[in-house]
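S.K.: The structure follows.
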Amino acid sequence: MKKNLLATFFLLTVMASHCSAGDIYVSIKGSDRASGEENAPVQTIQRALRIAREWRRTSNPKADGGITIHLAKGETFVLDEPLYIRPEDSGMPDSRTVITGATISGGMAEDTSAQNDYPVMERMLAFDKEQEQIVIPAASLKRYGITDITAADKYEMVVHQRWAIAILRIKDIRLSGDKAIVSFRNPESRWEFSHPWPQPVIGEERGSSSFLIRPIPTPSGLLSRLVTVEGSEFGMVHDISFEGVTFENASWERPLKYGHVTLQGGFPIIDAYKLTENEGTPWAPTLENQAWVTRPEAAVSLTYAERVDFKDCTFTRLASTALDYAHHCNDAIIIGNRFENIGGTAIMAGSFGEGPCEVHHPREYTNTGGFVIEGNTIHDATNRDWGAVAIGCGYVRDFTIKGNNISKVNYSGICVGWGWTPENTGMRNNRIIGNTVSDYARVLYDAGGIYTMSNQPGSLIEKNTVSAPYPSPYATNFRAFPIYFDACTDGYTVRDNSLKVDPSIQKEKYGWNTPGPDMVVEK
């Protein structure tokens with residue numbers, strides 16, 4: 001009897017082992033003609049995904065307990081093209097696909113994208129919308145290394161615009177006494193001078209807007225996209241996890257081709273003009289700010305994705321957005337990751353009204369929800385586009401942003417909401433709990449350690465610790481706050497937060513801009 005029981009136990013153990021044996025091994029020393037077993041690894045992640053896809057398509061028992069793609073520890077997988085993950089690569093809720101270990105890189109160029117040097121800027125003298133020119137002190141040209149103005153087209157100007165920046169490729173420079181008159185290439189010149197807000201200011205509370213001039217960077221040779229997770233309305237990508245993977249070295253090429261004129265949060269303007277009649281929106285007649293925007297480049301981008309998670313990963317040396325759940329994404333877990341040396345936004349999620357509609361006329365864009373963003377460390381983000389943020393969420397619902405540690409960002413820390421509207425857009429039940437935000441607003445003001453916008457019923461800001469804003473030497477006003485309720489924020493309960501103020505910067509804990517009637521805020 002005992003022998004039969006032992007034999008049965010042994011048989012069941014072997015069967016269980018067989019059913020959970022969904023392991024595929026990948027090494028740069030392997031071969032894509034190999035089987036993918038531990039002693040015969042394949043060479044590329046793409047090949048491993050194809051094996052996993054075939055297992056699921058043919059109902060191979062190896063997929064029954066989930067599939068783990070093991071990237072060889074200590075190796076760097078340098079991509080020639082982005083890694084694409086499509087609906088056919090999906091796992092199942094009880095049989096997920098996990099990609100774990102190693103590094104995924106966009107190249108091995110020496111210039112690995114991000115710029116850590118703190119900017120040294122000067123105040124401009126005039127901003128001429130009619131002539132599409134910026135006037136600066138002539139003495140600043142030598143300071144920025146321009147000794148031959150006939151070679152001015154080899155330089156770009158970075159312009160401080162209160163809560164956003166512009167990067168303008170210089171067309172020419174003309175000297176007039178102790179002044180230098182700078183004009184710019186198109187299309188960015190048209191966007192910069194046609195768009196009414198934000199633009200540089202002259203003589204505001206703390207003085208005129210600032211600028212710097214630097215050589216136009218040479219292309220880095222890196223990929224701008226490392227991973228594309230792309231479903232569609234006909235099929236979602238679902239039940240995939242990245243665990244313990246490092247994503248590094250991605251470029252940001254848009255400013256080299258088009259300049260970079262932004263509306264807010266790092267979103268590039270692609271068209272802009274001013275209305276002459278019937279200005280503004282029904283709820284804000286003075287909101288005259290016609291703009292169409294596009295999404296910033298992202299190293300890892302997801303659309304039409306459900307339960308696609310990132311756990312204990314590292315994102316570093318990425319020149320624009322690091323991780324972007326663009327639209328139609330649900331039930332993601334982003335937990336325990338580290339973001340460092342990021343040029344733009346570290347974590348972005350939800351629609352921001354990018355095309356085909358004008359950005360200030362909201363629709364029912366809230367197709368992204370059910371996220372948990374927890375326990376992530378974000379340090380030194382926004383170091384290429386100073387107007388980007390640490391965590392930026394647009395039209396989203398049912399988000400929990402909890403226990404994250406954010407430091408060293410040049411604009412706002414955690415931003416939730418979009419649309420500048422009191423109307424119902426589907427945003428709701430967003431919870432910002434127990435986060436720590438410090439060393440924010442290093443360059444740009446009109447900022448918040450925590451920043452919200454528009455109507456979000458049932459939402460909560462609770463038990464966060466937020467320092468006073470950084471005393472930026474370049475800000476043109478004093479509008480920076482631990483928590484900033486921007487245009488038409490409504491529906492939040494705000495309680496039990498530890499908020500610091502610095503009387504030399506701003507005495508108030510909260511910034512207000514037309515708050516709604518359903519705000520409950522502790523004093």
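Ordered as shown in the structure tokens, chains take letters A, B, and onward, while each chain numbers its residues from 1 and ligands are numbered from 1 in the order shown.
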Run DSSP on the backbone and give me the residues of stretch 205-389 of chain A it puts in helix (DSSP H, G or I), as a VMD selection string.
M.R.: chain A and resid 254 to 258
S.K.: Please save N, CA and C atoms of the selected residues as an mmCIF file, in the first residue's frame.
M.R.:
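Result file is out_4.cif:
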data_model
loop_
_atom_site.group_PDB
_atom_site.id
_atom_site.type_symbol
_atom_site.label_atom_id
_atom_site.label_comp_id
_atom_site.auth_asym_id
_atom_site.auth_seq_id
_atom_site.Cartn_x
_atom_site.Cartn_y
_atom_site.Cartn_z
ATOM 1 N N ARG A 254 12.947 64.336 -31.246
ATOM 2 C CA ARG A 254 12.021 65.344 -31.770
ATOM 3 C C ARG A 254 12.617 66.753 -31.829
ATOM 4 N N PRO A 255 13.289 67.244 -30.777
ATOM 5 C CA PRO A 255 13.809 68.614 -30.859
ATOM 6 C C PRO A 255 14.808 68.832 -31.990
ATOM 7 N N LEU A 256 15.484 67.764 -32.423
ATOM 8 C CA LEU A 256 16.448 67.907 -33.510
ATOM 9 C C LEU A 256 15.763 68.166 -34.846
ATOM 10 N N LYS A 257 14.497 67.751 -34.957
ATOM 11 C CA LYS A 257 13.776 67.868 -36.224
ATOM 12 C C LYS A 257 12.744 68.994 -36.227
ATOM 13 N N TYR A 258 12.121 69.223 -35.072
ATOM 14 C CA TYR A 258 10.987 70.149 -35.021
ATOM 15 C C TYR A 258 11.108 71.206 -33.934
#
S.K.: Using only C-alpha atoms, which of A:Ser472, A:Thr100, A:Ser189, A:Thr294 sits nearest A:Arg442?
M.R.: A:Ser472
S.K.: Between A:Arg96, A:Arg214, A:Lys274, A:Arg338, which is the closest to A:Asn405 once you count only C-alpha atoms?
M.R.: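 Of the candidates, the smallest distance to A:Asn405 is held by A:Arg338.
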S.K.: Find the spatial neighbours of A:Asn455, counting only C-alpha atoms, within a cut-off of 6 Å - ignore same-chain residues fewer than 3 positions away - and output them as a ChimeraX atom specification.
M.R.: /A:422,489-491
S.K.: One decimal, in Å: what's the spacing between atom CA of A:Asn497 and atom CA of A:Glu462?
M.R.: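 Separation between atom CA of A:Asn497 and atom CA of A:Glu462: 5.7 Å.
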S.K.: Fewer than 5 positions away in the same chain doesn't count, so skip those; otherwise give me all residues within 8 Å of stretch 365-372 of chain A, counting only C-alpha atoms, as a list in words.
M.R.: His327, His328, Cys329, Asn330, Asp331, Ala332, Ile333, Ile334, Ile335, Ala349, Gly350, Ser351, Gly353, Tyr395, Val396, Arg397, Asp398, Phe399, Thr400, Ile401, Lys402, Thr425, Gly426 and Met427 of chain A
S.K.: Rounded to one decimal place, report the atom CA of A:Leu83-atom CA of A:Arg50 distance in Å.
M.R.: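 If I compute the distance from atom CA of A:Leu83 to atom CA of A:Arg50, I get 12.0 Å.
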S.K.: Just the residues within 9 Å of A:Phe352, please, counting only C-alpha atoms, with nothing from its chain fewer than 6 positions along; format it as a compact mmCIF listing (two decimals) with C-alpha atoms, in the first residue's frame.
M.R.:
# COMPACT_ATOMS: atom_id res chain seq x y z
CA PHE A 267 3.33 67.61 -24.28
CA VAL A 293 -0.66 68.36 -28.78
CA THR A 294 1.03 65.04 -29.38
CA ARG A 295 2.41 62.54 -26.92
CA ALA A 326 -0.99 55.85 -23.32
CA VAL A 359 -6.81 70.00 -26.04
CA TYR A 365 -11.37 60.20 -22.69
CA CYS A 393 -1.85 60.90 -15.10
CA GLY A 394 -4.38 62.48 -17.45
CA TYR A 395 -7.98 61.35 -17.91
CA GLY A 417 -6.23 65.12 -14.01
CA TRP A 418 -6.52 67.04 -17.25
CA GLY A 419 -9.00 69.17 -19.16
S.K.: Need the shell around A:Ser210: protein/DNA/RNA residues with any atom at most 9 Å away, counting only C-alpha atoms. Skip same-chain ones fewer than 3 positions apart. Format as a PyMOL selection string?
M.R.: chain A and resi 121-124+158-161+200+207+474-476
S.K.: Extract, using only C-alpha atoms, all DNA, RNA and protein residues at most 10 Å from A:Arg225, discarding same-chain residues fewer than 4 positions from it, and format them as a ChimeraX atom specification.
M.R.: /A:79,81-83,105-106,249-252,297-301,318,320-322
S.K.: Name the residues of stretch 350-514 of chain A that come out as strand (DSSP E or B) in a backbone DSSP run; write them as number ranges by chain.
M.R.: A: 351, 368-369, 372-374, 377-379, 391-393, 395-397, 400-402, 405-407, 414-416, 428, 431-433, 436-438, 447-452, 455-462, 465-466, 480-485, 490-495, 498-499, 502, 506, 510-512
S.K.: For A:Gln506, which residue out of A:Asn477, A:Asn464, A:Ser241, A:Ser209 is the nearest one, using only C-alpha atoms?
M.R.: A:Asn477
S.K.: Can you measure atom CA of A:Ala102 to atom CA of A:Gly375 for me? One decimal in Å is fine.
M.R.: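 A separation of 21.3 Å between them.
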S.K.: Of the candidates A:Cys488, A:Val466, A:Ala34, A:Ala138, which one gets nearest to A:Ser454 if we count only C-alpha atoms?
M.R.: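 For A:Ser454, the nearest of the candidates is A:Cys488.
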